[in-house]
>>> print(open('target29.pdb').read())   # PDB, C-alpha atoms
ATOM      1  CA  MET J   1     -13.421  36.354   4.595
ATOM      2  CA  LEU J   2     -12.657  32.689   4.044
ATOM      3  CA  ASN J   3     -14.422  29.610   5.319
ATOM      4  CA  ASN J   4     -12.607  27.770   8.095
ATOM      5  CA  ALA J   5     -11.911  24.045   8.161
ATOM      6  CA  VAL J   6     -10.843  23.367  11.742
ATOM      7  CA  ILE J   7      -8.855  20.135  11.925
ATOM      8  CA  ASP J   8      -7.891  18.702  15.293
ATOM      9  CA  LEU J   9      -4.659  16.754  14.822
ATOM     10  CA  SER J  10      -4.744  15.522  18.420
ATOM     11  CA  ILE J  11      -7.999  13.693  17.648
ATOM     12  CA  LEU J  12      -6.460  12.343  14.438
ATOM     13  CA  LYS J  13      -3.527  10.891  16.381
ATOM     14  CA  GLU J  14      -5.887   9.498  18.996
ATOM     15  CA  ASN J  15      -7.922   7.743  16.282
ATOM     16  CA  ALA J  16      -4.732   6.347  14.722
ATOM     17  CA  LEU J  17      -3.462   4.976  18.015
ATOM     18  CA  LYS J  18      -6.829   3.423  18.846
ATOM     19  CA  VAL J  19      -7.015   1.445  15.626
ATOM     20  CA  LYS J  20      -3.327   0.504  15.795
ATOM     21  CA  GLN J  21      -3.883  -1.012  19.222
ATOM     22  CA  LYS J  22      -6.386  -3.388  17.612
ATOM     23  CA  LEU J  23      -3.867  -4.754  15.116
ATOM     24  CA  ASN J  24      -2.433  -8.202  15.601
ATOM     25  CA  THR J  25       1.254  -8.443  16.472
ATOM     26  CA  GLY J  26       3.415  -7.733  13.450
ATOM     27  CA  VAL J  27       0.612  -6.316  11.269
ATOM     28  CA  LYS J  28       1.641  -3.090   9.573
ATOM     29  CA  PHE J  29      -0.302   0.186   9.600
ATOM     30  CA  CYS J  30      -0.794   1.954   6.261
ATOM     31  CA  ALA J  31      -2.314   5.437   6.463
ATOM     32  CA  VAL J  32      -4.432   6.305   3.431
ATOM     33  CA  VAL J  33      -3.995   9.998   2.673
ATOM     34  CA  LYS J  34      -5.330  10.119  -0.878
ATOM     35  CA  ALA J  35      -7.682  12.908  -1.978
ATOM     36  CA  ASN J  36      -5.755  15.363   0.212
ATOM     37  CA  ALA J  37      -6.258  13.048   3.197
ATOM     38  CA  TYR J  38     -10.013  12.927   2.577
ATOM     39  CA  GLY J  39     -10.039  16.729   2.549
ATOM     40  CA  HIS J  40      -8.029  17.156   5.759
ATOM     41  CA  GLY J  41      -4.669  18.108   4.197
ATOM     42  CA  ALA J  42      -2.328  15.276   3.229
ATOM     43  CA  VAL J  43       1.015  16.720   4.336
ATOM     44  CA  GLU J  44      -0.244  17.886   7.741
ATOM     45  CA  VAL J  45      -2.039  14.589   8.360
ATOM     46  CA  ALA J  46       0.897  12.429   7.278
ATOM     47  CA  ASN J  47       3.338  14.338   9.467
ATOM     48  CA  ALA J  48       0.956  14.243  12.439
ATOM     49  CA  ILE J  49       0.782  10.429  12.370
ATOM     50  CA  TYR J  50       4.250   9.804  10.941
ATOM     51  CA  ASN J  51       5.333   7.861  14.041
ATOM     52  CA  VAL J  52       2.166   5.743  14.020
ATOM     53  CA  ALA J  53       2.113   4.715  10.359
ATOM     54  CA  ASP J  54       4.508   2.252   8.754
ATOM     55  CA  CYS J  55       3.738   3.599   5.285
ATOM     56  CA  PHE J  56       1.271   5.734   3.355
ATOM     57  CA  ALA J  57      -1.074   5.233   0.405
ATOM     58  CA  VAL J  58      -2.227   7.742  -2.204
ATOM     59  CA  ALA J  59      -4.141   7.632  -5.480
ATOM     60  CA  THR J  60      -1.939   9.636  -7.848
ATOM     61  CA  LEU J  61       1.709  10.389  -8.460
ATOM     62  CA  GLU J  62       1.189  14.088  -7.704
ATOM     63  CA  GLU J  63      -0.224  13.213  -4.286
ATOM     64  CA  ALA J  64       2.839  11.079  -3.597
ATOM     65  CA  VAL J  65       5.273  13.780  -4.711
ATOM     66  CA  GLU J  66       3.508  16.309  -2.480
ATOM     67  CA  LEU J  67       4.199  14.032   0.502
ATOM     68  CA  ARG J  68       7.866  13.716  -0.433
ATOM     69  CA  TYR J  69       8.193  17.502  -0.606
ATOM     70  CA  GLY J  70       6.345  17.636   2.720
ATOM     71  CA  GLY J  71       9.059  15.586   4.407
ATOM     72  CA  ILE J  72       7.568  12.086   4.294
ATOM     73  CA  ASP J  73      10.403   9.634   3.670
ATOM     74  CA  LYS J  74       8.593   6.364   4.418
ATOM     75  CA  GLU J  75       7.199   4.076   1.725
ATOM     76  CA  ILE J  76       4.368   5.608  -0.301
ATOM     77  CA  LEU J  77       2.178   3.253  -2.325
ATOM     78  CA  CYS J  78       0.269   4.676  -5.290
ATOM     79  CA  LEU J  79      -3.000   2.728  -5.477
ATOM     80  CA  THR J  80      -3.533   3.288  -9.195
ATOM     81  CA  PRO J  81      -1.073   2.257 -11.924
ATOM     82  CA  PHE J  82       1.138   4.992 -13.306
ATOM     83  CA  PHE J  83       0.758   6.312 -16.820
ATOM     84  CA  GLN J  84       3.845   5.511 -18.842
ATOM     85  CA  LYS J  85       4.938   9.153 -18.938
ATOM     86  CA  GLU J  86       4.883   9.239 -15.108
ATOM     87  CA  ILE J  87       7.117   6.255 -14.448
ATOM     88  CA  ASP J  88      10.501   7.985 -14.559
ATOM     89  CA  ARG J  89       9.350  10.616 -12.076
ATOM     90  CA  ALA J  90       7.756   7.983  -9.829
ATOM     91  CA  ILE J  91      10.991   5.997  -9.721
ATOM     92  CA  GLY J  92      12.978   9.149  -9.014
ATOM     93  CA  PHE J  93      10.785   9.954  -6.012
ATOM     94  CA  ARG J  94      10.877   6.330  -4.766
ATOM     95  CA  ILE J  95       7.125   5.823  -5.065
ATOM     96  CA  THR J  96       5.917   2.233  -4.895
ATOM     97  CA  ALA J  97       4.073   1.339  -8.080
ATOM     98  CA  THR J  98       0.890  -0.677  -8.491
ATOM     99  CA  VAL J  99       1.345  -3.375 -11.131
ATOM    100  CA  SER J 100      -1.640  -5.268 -12.504
ATOM    101  CA  ASP J 101      -0.364  -6.729 -15.762
ATOM    102  CA  ILE J 102       2.804  -7.958 -17.468
ATOM    103  CA  LYS J 103       3.155  -4.848 -19.649
ATOM    104  CA  GLN J 104       3.316  -2.570 -16.601
ATOM    105  CA  LEU J 105       5.977  -4.761 -15.030
ATOM    106  CA  LYS J 106       8.105  -4.749 -18.188
ATOM    107  CA  ILE J 107       7.937  -0.963 -18.522
ATOM    108  CA  LEU J 108       8.817  -0.487 -14.857
ATOM    109  CA  GLN J 109      11.804  -2.809 -15.258
ATOM    110  CA  THR J 110      13.025  -0.985 -18.370
ATOM    111  CA  ARG J 111      12.798   2.487 -16.861
ATOM    112  CA  ALA J 112      14.343   1.454 -13.533
ATOM    113  CA  LYS J 113      17.236  -0.206 -15.358
ATOM    114  CA  ILE J 114      17.883   2.992 -17.315
ATOM    115  CA  GLN J 115      17.970   4.923 -14.037
ATOM    116  CA  LYS J 116      20.297   2.261 -12.571
ATOM    117  CA  THR J 117      18.086   1.736  -9.568
ATOM    118  CA  VAL J 118      15.515  -0.701  -8.159
ATOM    119  CA  ALA J 119      11.836   0.264  -8.103
ATOM    120  CA  ASN J 120       9.378  -1.156  -5.572
ATOM    121  CA  ALA J 121       6.044  -2.550  -6.741
ATOM    122  CA  HIS J 122       2.926  -4.061  -5.204
ATOM    123  CA  LEU J 123       0.923  -6.405  -7.399
ATOM    124  CA  LYS J 124      -2.817  -5.701  -7.499
ATOM    125  CA  PHE J 125      -5.060  -8.793  -7.503
ATOM    126  CA  ASN J 126      -8.745  -8.709  -8.390
ATOM    127  CA  CYS J 127     -10.800 -10.629  -5.824
ATOM    128  CA  GLY J 128     -14.182  -9.708  -7.285
ATOM    129  CA  MET J 129     -14.431  -5.939  -7.168
ATOM    130  CA  ASN J 130     -13.717  -5.975 -10.914
ATOM    131  CA  ARG J 131     -12.149  -2.555 -10.980
ATOM    132  CA  GLN J 132      -8.429  -3.140 -11.400
ATOM    133  CA  GLY J 133      -6.028  -5.989 -10.853
ATOM    134  CA  ILE J 134      -4.790  -9.388 -11.998
ATOM    135  CA  ASP J 135      -7.832 -11.528 -12.645
ATOM    136  CA  ASP J 136      -6.612 -15.076 -12.003
ATOM    137  CA  LEU J 137      -3.864 -17.133 -10.386
ATOM    138  CA  LYS J 138      -2.437 -18.262 -13.723
ATOM    139  CA  THR J 139      -1.727 -14.687 -14.775
ATOM    140  CA  LEU J 140      -0.405 -13.884 -11.317
ATOM    141  CA  LYS J 141       2.038 -16.789 -11.618
ATOM    142  CA  GLU J 142       3.201 -15.570 -15.043
ATOM    143  CA  ILE J 143       3.870 -12.113 -13.608
ATOM    144  CA  LEU J 144       5.704 -13.570 -10.624
ATOM    145  CA  ASP J 145       7.838 -15.751 -12.906
ATOM    146  CA  LEU J 146       8.735 -12.700 -14.963
ATOM    147  CA  SER J 147       9.484 -10.684 -11.831
ATOM    148  CA  LEU J 148      12.290 -13.103 -10.975
ATOM    149  CA  LYS J 149      14.046 -11.943 -14.143
ATOM    150  CA  CYS J 150      13.374  -8.266 -13.494
ATOM    151  CA  LYS J 151      16.409  -7.375 -11.394
ATOM    152  CA  ASN J 152      15.453  -3.696 -11.271
ATOM    153  CA  VAL J 153      11.992  -4.280  -9.798
ATOM    154  CA  ASN J 154      11.420  -5.384  -6.211
ATOM    155  CA  VAL J 155       7.944  -6.891  -5.832
ATOM    156  CA  ASN J 156       7.484  -6.250  -2.127
ATOM    157  CA  GLY J 157       3.687  -6.354  -1.890
ATOM    158  CA  LEU J 158       0.415  -7.890  -3.041
ATOM    159  CA  TYR J 159      -2.953  -6.323  -2.366
ATOM    160  CA  SER J 160      -6.606  -6.184  -3.251
ATOM    161  CA  HIS J 161      -9.814  -4.354  -2.323
ATOM    162  CA  LEU J 162     -12.971  -5.717  -0.677
ATOM    163  CA  SER J 163     -16.085  -4.426  -2.432
ATOM    164  CA  ALA J 164     -18.598  -5.074   0.377
ATOM    165  CA  PRO J 165     -16.981  -6.094   3.672
ATOM    166  CA  GLU J 166     -20.291  -5.574   5.481
ATOM    167  CA  ASN J 167     -21.766  -8.455   3.442
ATOM    168  CA  LYS J 168     -20.599 -11.710   5.050
ATOM    169  CA  ASN J 169     -20.960 -13.866   1.941
ATOM    170  CA  VAL J 170     -19.182 -11.396  -0.339
ATOM    171  CA  LEU J 171     -16.487 -10.826   2.276
ATOM    172  CA  ASN J 172     -15.764 -14.539   2.694
ATOM    173  CA  SER J 173     -15.664 -15.134  -1.053
ATOM    174  CA  GLN J 174     -13.248 -12.281  -1.702
ATOM    175  CA  VAL J 175     -11.007 -13.064   1.283
ATOM    176  CA  ASN J 176     -10.757 -16.697   0.161
ATOM    177  CA  ALA J 177      -9.778 -15.565  -3.337
ATOM    178  CA  PHE J 178      -7.127 -13.284  -1.864
ATOM    179  CA  LEU J 179      -5.730 -16.042   0.351
ATOM    180  CA  LEU J 180      -5.049 -18.169  -2.740
ATOM    181  CA  ALA J 181      -3.094 -15.275  -4.254
ATOM    182  CA  ASN J 182      -1.395 -14.677  -0.903
ATOM    183  CA  ASN J 183      -0.267 -18.300  -0.692
ATOM    184  CA  LEU J 184       1.028 -18.237  -4.251
ATOM    185  CA  ILE J 185       3.197 -15.136  -3.838
ATOM    186  CA  LYS J 186       4.498 -16.277  -0.446
ATOM    187  CA  GLY J 187       5.892 -19.322  -2.247
ATOM    188  CA  TYR J 188       8.066 -16.939  -4.242
ATOM    189  CA  ASN J 189       8.953 -14.619  -1.376
ATOM    190  CA  ASN J 190       7.601 -15.051   2.138
ATOM    191  CA  LYS J 191       8.652 -11.500   3.083
ATOM    192  CA  VAL J 192       6.150  -9.890   0.708
ATOM    193  CA  THR J 193       3.572  -7.661   2.458
ATOM    194  CA  CYS J 194       0.052  -8.837   1.581
ATOM    195  CA  HIS J 195      -2.888  -6.573   2.372
ATOM    196  CA  VAL J 196      -6.576  -6.714   1.506
ATOM    197  CA  SER J 197      -8.356  -4.761   4.242
ATOM    198  CA  ALA J 198      -9.144  -1.093   4.448
ATOM    199  CA  SER J 199     -11.235   0.237   7.352
ATOM    200  CA  GLY J 200     -14.227  -1.965   6.517
ATOM    201  CA  GLY J 201     -12.317  -5.226   6.320
ATOM    202  CA  PHE J 202     -10.496  -4.327   9.538
ATOM    203  CA  LEU J 203     -13.800  -3.827  11.358
ATOM    204  CA  LYS J 204     -14.776  -7.343  10.228
ATOM    205  CA  GLY J 205     -11.564  -8.837  11.616
ATOM    206  CA  VAL J 206      -9.560  -9.252   8.401
ATOM    207  CA  GLN J 207      -5.953  -8.066   8.763
ATOM    208  CA  ALA J 208      -3.368 -10.074   6.725
ATOM    209  CA  ASP J 209       0.152  -8.514   6.823
ATOM    210  CA  MET J 210      -1.058  -4.903   6.723
ATOM    211  CA  VAL J 211      -4.239  -2.833   6.998
ATOM    212  CA  ARG J 212      -4.904   0.340   5.002
ATOM    213  CA  PHE J 213      -6.669   2.813   7.294
ATOM    214  CA  GLY J 214      -8.622   5.614   5.652
ATOM    215  CA  ILE J 215     -12.033   6.724   6.902
ATOM    216  CA  LEU J 216     -11.425   5.468  10.466
ATOM    217  CA  LEU J 217      -8.495   7.860  10.825
ATOM    218  CA  TYR J 218     -10.772  10.797  10.117
ATOM    219  CA  GLY J 219     -13.387   9.741  12.655
ATOM    220  CA  TYR J 220     -15.990   7.770  10.728
ATOM    221  CA  LYS J 221     -16.934   4.149  10.079
ATOM    222  CA  PRO J 222     -18.119   2.656   6.791
ATOM    223  CA  PHE J 223     -20.811   0.785   8.743
ATOM    224  CA  LYS J 224     -21.812   0.294  12.390
ATOM    225  CA  SER J 225     -19.249  -1.473  14.540
ATOM    226  CA  ASP J 226     -18.319  -1.548  18.219
ATOM    227  CA  LEU J 227     -14.733  -2.672  17.580
ATOM    228  CA  VAL J 228     -13.213   0.763  18.030
ATOM    229  CA  ASP J 229     -14.417   4.249  18.937
ATOM    230  CA  VAL J 230     -13.215   7.134  16.754
ATOM    231  CA  LYS J 231     -14.086  10.815  16.694
ATOM    232  CA  PRO J 232     -14.532  13.287  13.791
ATOM    233  CA  VAL J 233     -11.367  15.274  13.094
ATOM    234  CA  MET J 234     -12.674  18.141  10.953
ATOM    235  CA  LYS J 235     -15.426  20.729  11.246
ATOM    236  CA  VAL J 236     -16.193  23.410   8.665
ATOM    237  CA  TYR J 237     -17.463  26.906   9.421
ATOM    238  CA  ALA J 238     -18.475  29.877   7.267
ATOM    239  CA  PRO J 239     -18.508  33.615   8.078
ATOM    240  CA  VAL J 240     -21.877  35.301   8.578
ATOM    241  CA  LEU J 241     -22.356  38.147   6.094
ATOM    242  CA  LYS J 242     -25.558  39.638   7.487
ATOM    243  CA  GLN J 243     -28.906  38.857   9.061
ATOM    244  CA  ARG J 244     -32.166  39.323   7.170
ATOM    245  CA  LEU J 245     -35.820  39.373   8.111
ATOM    246  CA  ILE J 246     -38.506  38.389   5.623
ATOM    247  CA  LYS J 247     -42.245  38.465   6.122
ATOM    248  CA  ARG J 248     -44.679  35.659   5.668
ATOM    249  CA  GLY J 249     -45.184  34.954   1.959
ATOM    250  CA  GLU J 250     -41.841  36.451   0.915
ATOM    251  CA  GLY J 251     -39.043  34.481  -0.677
ATOM    252  CA  ALA J 252     -35.265  34.627  -0.543
ATOM    253  CA  LEU J 253     -32.477  33.428  -2.814
ATOM    254  CA  TYR J 254     -33.304  31.688  -6.096
ATOM    255  CA  GLY J 255     -36.583  29.817  -6.515
ATOM    256  CA  ASN J 256     -40.238  30.134  -5.611
ATOM    257  CA  LEU J 257     -40.045  29.027  -1.963
ATOM    258  CA  THR J 258     -41.809  31.449   0.394
ATOM    259  CA  ALA J 259     -41.794  31.796   4.167
ATOM    260  CA  LYS J 260     -44.779  30.336   6.034
ATOM    261  CA  GLU J 261     -44.286  32.923   8.785
ATOM    262  CA  ASP J 262     -42.118  35.946   9.522
ATOM    263  CA  LEU J 263     -38.587  34.603   9.400
ATOM    264  CA  THR J 264     -35.094  35.706  10.409
ATOM    265  CA  PHE J 265     -32.076  34.030   8.845
ATOM    266  CA  ASN J 266     -28.344  34.519   8.406
ATOM    267  CA  LEU J 267     -26.595  34.767   5.076
ATOM    268  CA  ILE J 268     -23.306  32.878   5.226
ATOM    269  CA  ARG J 269     -20.433  32.966   2.749
ATOM    270  CA  TYR J 270     -20.763  29.319   1.757
ATOM    271  CA  GLY J 271     -22.352  28.068  -1.436
ATOM    272  CA  TYR J 272     -22.304  24.983  -3.591
ATOM    273  CA  ALA J 273     -19.037  26.164  -5.161
ATOM    274  CA  ASP J 274     -17.500  25.659  -1.712
ATOM    275  CA  GLY J 275     -18.130  21.937  -1.936
ATOM    276  CA  LEU J 276     -21.450  20.900  -0.432
ATOM    277  CA  PHE J 277     -24.440  20.269  -2.625
ATOM    278  CA  ARG J 278     -27.087  22.778  -3.692
ATOM    279  CA  LYS J 279     -30.012  20.916  -2.109
ATOM    280  CA  ALA J 280     -31.438  22.426   1.079
ATOM    281  CA  VAL J 281     -30.844  20.504   4.320
ATOM    282  CA  THR J 282     -31.782  21.016   7.985
ATOM    283  CA  ARG J 283     -31.580  24.630   9.237
ATOM    284  CA  GLN J 284     -31.369  25.979   5.711
ATOM    285  CA  PHE J 285     -33.887  28.161   3.869
ATOM    286  CA  ASN J 286     -34.129  27.367   0.167
ATOM    287  CA  ASN J 287     -31.311  25.830  -1.839
ATOM    288  CA  ARG J 288     -27.747  27.116  -1.680
ATOM    289  CA  CYS J 289     -26.582  29.724  -4.151
ATOM    290  CA  MET J 290     -23.141  29.328  -5.700
ATOM    291  CA  ASP J 291     -21.508  31.420  -2.967
ATOM    292  CA  ILE J 292     -24.160  32.108  -0.314
ATOM    293  CA  THR J 293     -26.534  30.069   1.852
ATOM    294  CA  ALA J 294     -29.451  31.218   4.007
ATOM    295  CA  VAL J 295     -29.361  29.446   7.379
ATOM    296  CA  LEU J 296     -31.761  29.572  10.281
ATOM    297  CA  GLY J 297     -30.823  30.247  13.878
ATOM    298  CA  LYS J 298     -28.020  32.188  15.535
ATOM    299  CA  ASN J 299     -25.461  29.422  16.095
ATOM    300  CA  ASN J 300     -22.372  31.455  15.264
ATOM    301  CA  THR J 301     -19.138  30.232  16.908
ATOM    302  CA  LYS J 302     -15.765  31.986  17.018
ATOM    303  CA  TRP J 303     -14.925  30.183  13.782
ATOM    304  CA  GLY J 304     -18.166  31.174  12.049
ATOM    305  CA  TYR J 305     -21.445  29.400  11.363
ATOM    306  CA  PRO J 306     -21.098  25.567  11.540
ATOM    307  CA  VAL J 307     -21.610  24.158   8.056
ATOM    308  CA  MET J 308     -20.310  20.621   8.647
ATOM    309  CA  THR J 309     -19.741  19.198  12.107
ATOM    310  CA  ASN J 310     -20.667  15.566  11.480
ATOM    311  CA  ALA J 311     -20.208  14.101   7.997
ATOM    312  CA  ASP J 312     -22.356  11.044   8.699
ATOM    313  CA  LYS J 313     -25.398  13.108   9.667
ATOM    314  CA  LEU J 314     -25.009  15.454   6.727
ATOM    315  CA  ALA J 315     -24.423  12.573   4.318
ATOM    316  CA  LYS J 316     -27.714  10.992   5.414
ATOM    317  CA  GLN J 317     -29.596  14.166   4.516
ATOM    318  CA  TYR J 318     -27.925  14.345   1.124
ATOM    319  CA  GLY J 319     -28.355  10.649   0.407
ATOM    320  CA  THR J 320     -24.638   9.981   0.124
ATOM    321  CA  ILE J 321     -21.723   8.798   2.296
ATOM    322  CA  SER J 322     -19.354  10.547   4.686
ATOM    323  CA  TYR J 323     -16.420  10.052   2.278
ATOM    324  CA  GLU J 324     -18.038  12.320  -0.297
ATOM    325  CA  ILE J 325     -18.911  14.977   2.274
ATOM    326  CA  LEU J 326     -15.366  15.071   3.689
ATOM    327  CA  THR J 327     -13.632  15.324   0.334
ATOM    328  CA  LYS J 328     -15.922  18.168  -0.821
ATOM    329  CA  CYS J 329     -16.906  20.318   2.150
ATOM    330  CA  ALA J 330     -13.660  22.260   2.654
ATOM    331  CA  PHE J 331     -12.958  23.019  -1.006
ATOM    332  CA  ARG J 332     -12.637  26.799  -0.554
ATOM    333  CA  ALA J 333     -11.811  26.802   3.151
ATOM    334  CA  GLN J 334      -8.594  27.754   4.871
ATOM    335  CA  LYS J 335      -7.376  24.928   7.082
ATOM    336  CA  ILE J 336      -6.774  25.689  10.749
ATOM    337  CA  TYR J 337      -4.853  22.949  12.555
ATOM    338  CA  LEU J 338      -5.267  22.342  16.263
ATOM    339  CA  ARG J 339      -2.475  20.371  17.917
TER     340      ARG J 339
END
>>> encode(input="target29.pdb", output="structure tokens")
Amino acid sequence: MLNNAVIDLSILKENALKVKQKLNTGVKFCAVVKANAYGHGAVEVANAIYNVADCFAVATLEEAVELRYGGIDKEILCLTPFFQKEIDRAIGFRITATVSDIKQLKILQTRAKIQKTVANAHLKFNCGMNRQGIDDLKTLKEILDLSLKCKNVNVNGLYSHLSAPENKNVLNSQVNAFLLANNLIKGYNNKVTCHVSASGGFLKGVQADMVRFGILLYGYKPFKSDLVDVKPVMKVYAPVLKQRLIKRGEGALYGNLTAKEDLTFNLIRYGYADGLFRKAVTRQFNNRCMDITAVLGKNNTKWGYPVMTNADKLAKQYGTISYEILTKCAFRAQKIYLR
């Protein structure tokens, strides 16, 4: 028997519509479906909110191609630069490239010219996250000047990432840096789509020309905010294999942990190879095995025993964030979509 990841697409659409209603007039909606839509299934998610989103964002070329095969014909932005060997395929599938230096722009121009087509590109500007991007306005201007000569590349976007939108000082500093880049590129083409906010920046009121919505779509917030109410989209369940009774002083599974009293628990077919970490959390006896976990109580729904029903609560126990829980917890689960 397989684990079940139950994904409610009606809640997903409700979350998408709620955040879209908070956008200023004319601001575009970009749905971030990288990492298999944070574990929810990229093709199903993208199709479910196709009419809500203006475009989509992914992390790799393969993720983008999967969406194309899944019927998504809107713009797809790849948030990491392509490797040189990927560029021809990316152009062929009409995937918008991220460009963060002159070399990348030149290669994109050369390959698009050979294919006798025009490739779209968003320039990535570094506002202080220091991960990827053009580091200063001088270099940005040089790239923009070159882009005017690149007839086979359409620079239709400029974007950046905010490293700590919950920190007011960091947020203001990075937004101000982005606005300088925004003003510069608008002088070249005022129709360029500039975007700096993901869910966190949006919750702090930063929108620009477009907002990239990720974690909010799936029902979670990067930090506390009353701006919008969203609900979790996915829950993960595991089948119960059998029930066991151990006596006080006896152990179970690997390790030296022993029961402090007579104890009844269920063995479920979910282990750390299924995605969640080995460490024991609430309602669990001893650490997980690779494929089996001992859980306390008899909470067994029609889908199986609930392994993950709220990523925020589970993340707190593991000392991590909901993003990591969502992208891991359904690794070996079959996805069941409710509409």
>>> residues_around(input="target29.pdb", residues="Gln115 in chain J", least_positions_apart="2", cutoff="12 Å", atoms="only C-alpha atoms", output="PyMOL selection string")
chain J and resi 87-94+108-113+117-119+152-153
>>> resolve_selection(input="target29.pdb", expression="the PyMOL selection byres ((chain J and resi 51) around 12)", output="VMD selection string")
chain J and resid 13 16 to 17 20 29 to 31 45 to 50 52 to 56 72 to 74
>>> resolve_selection(input="target29.pdb", expression="the PyMOL selection byres ((chain J and resi 131) around 12)", output="PyMOL selection string")
chain J and resi 79-80+100+124-130+132-135+160-163
>>> resolve_selection(input="target29.pdb", expression="the PyMOL selection byres ((chain J and resi 322) around 9)", output="PDB file with C-alpha atoms, keeping the file's coordinate frame")
ATOM      1  CA  ILE J 215     -12.033   6.724   6.902  1.00  0.00           C
ATOM      2  CA  TYR J 220     -15.990   7.770  10.728  1.00  0.00           C
ATOM      3  CA  LYS J 221     -16.934   4.149  10.079  1.00  0.00           C
ATOM      4  CA  PRO J 222     -18.119   2.656   6.791  1.00  0.00           C
ATOM      5  CA  ASN J 310     -20.667  15.566  11.480  1.00  0.00           C
ATOM      6  CA  ALA J 311     -20.208  14.101   7.997  1.00  0.00           C
ATOM      7  CA  ASP J 312     -22.356  11.044   8.699  1.00  0.00           C
ATOM      8  CA  LYS J 313     -25.398  13.108   9.667  1.00  0.00           C
ATOM      9  CA  LEU J 314     -25.009  15.454   6.727  1.00  0.00           C
ATOM     10  CA  ALA J 315     -24.423  12.573   4.318  1.00  0.00           C
ATOM     11  CA  LYS J 316     -27.714  10.992   5.414  1.00  0.00           C
ATOM     12  CA  THR J 320     -24.638   9.981   0.124  1.00  0.00           C
ATOM     13  CA  ILE J 321     -21.723   8.798   2.296  1.00  0.00           C
ATOM     14  CA  TYR J 323     -16.420  10.052   2.278  1.00  0.00           C
ATOM     15  CA  GLU J 324     -18.038  12.320  -0.297  1.00  0.00           C
ATOM     16  CA  ILE J 325     -18.911  14.977   2.274  1.00  0.00           C
ATOM     17  CA  LEU J 326     -15.366  15.071   3.689  1.00  0.00           C
ATOM     18  CA  THR J 327     -13.632  15.324   0.334  1.00  0.00           C
TER      19      THR J 327
END
>>> atom_distance(input="target29.pdb", atom1="CA of Gly304 in chain J", atom2="CA of Leu12 in chain J")
22.3 Å
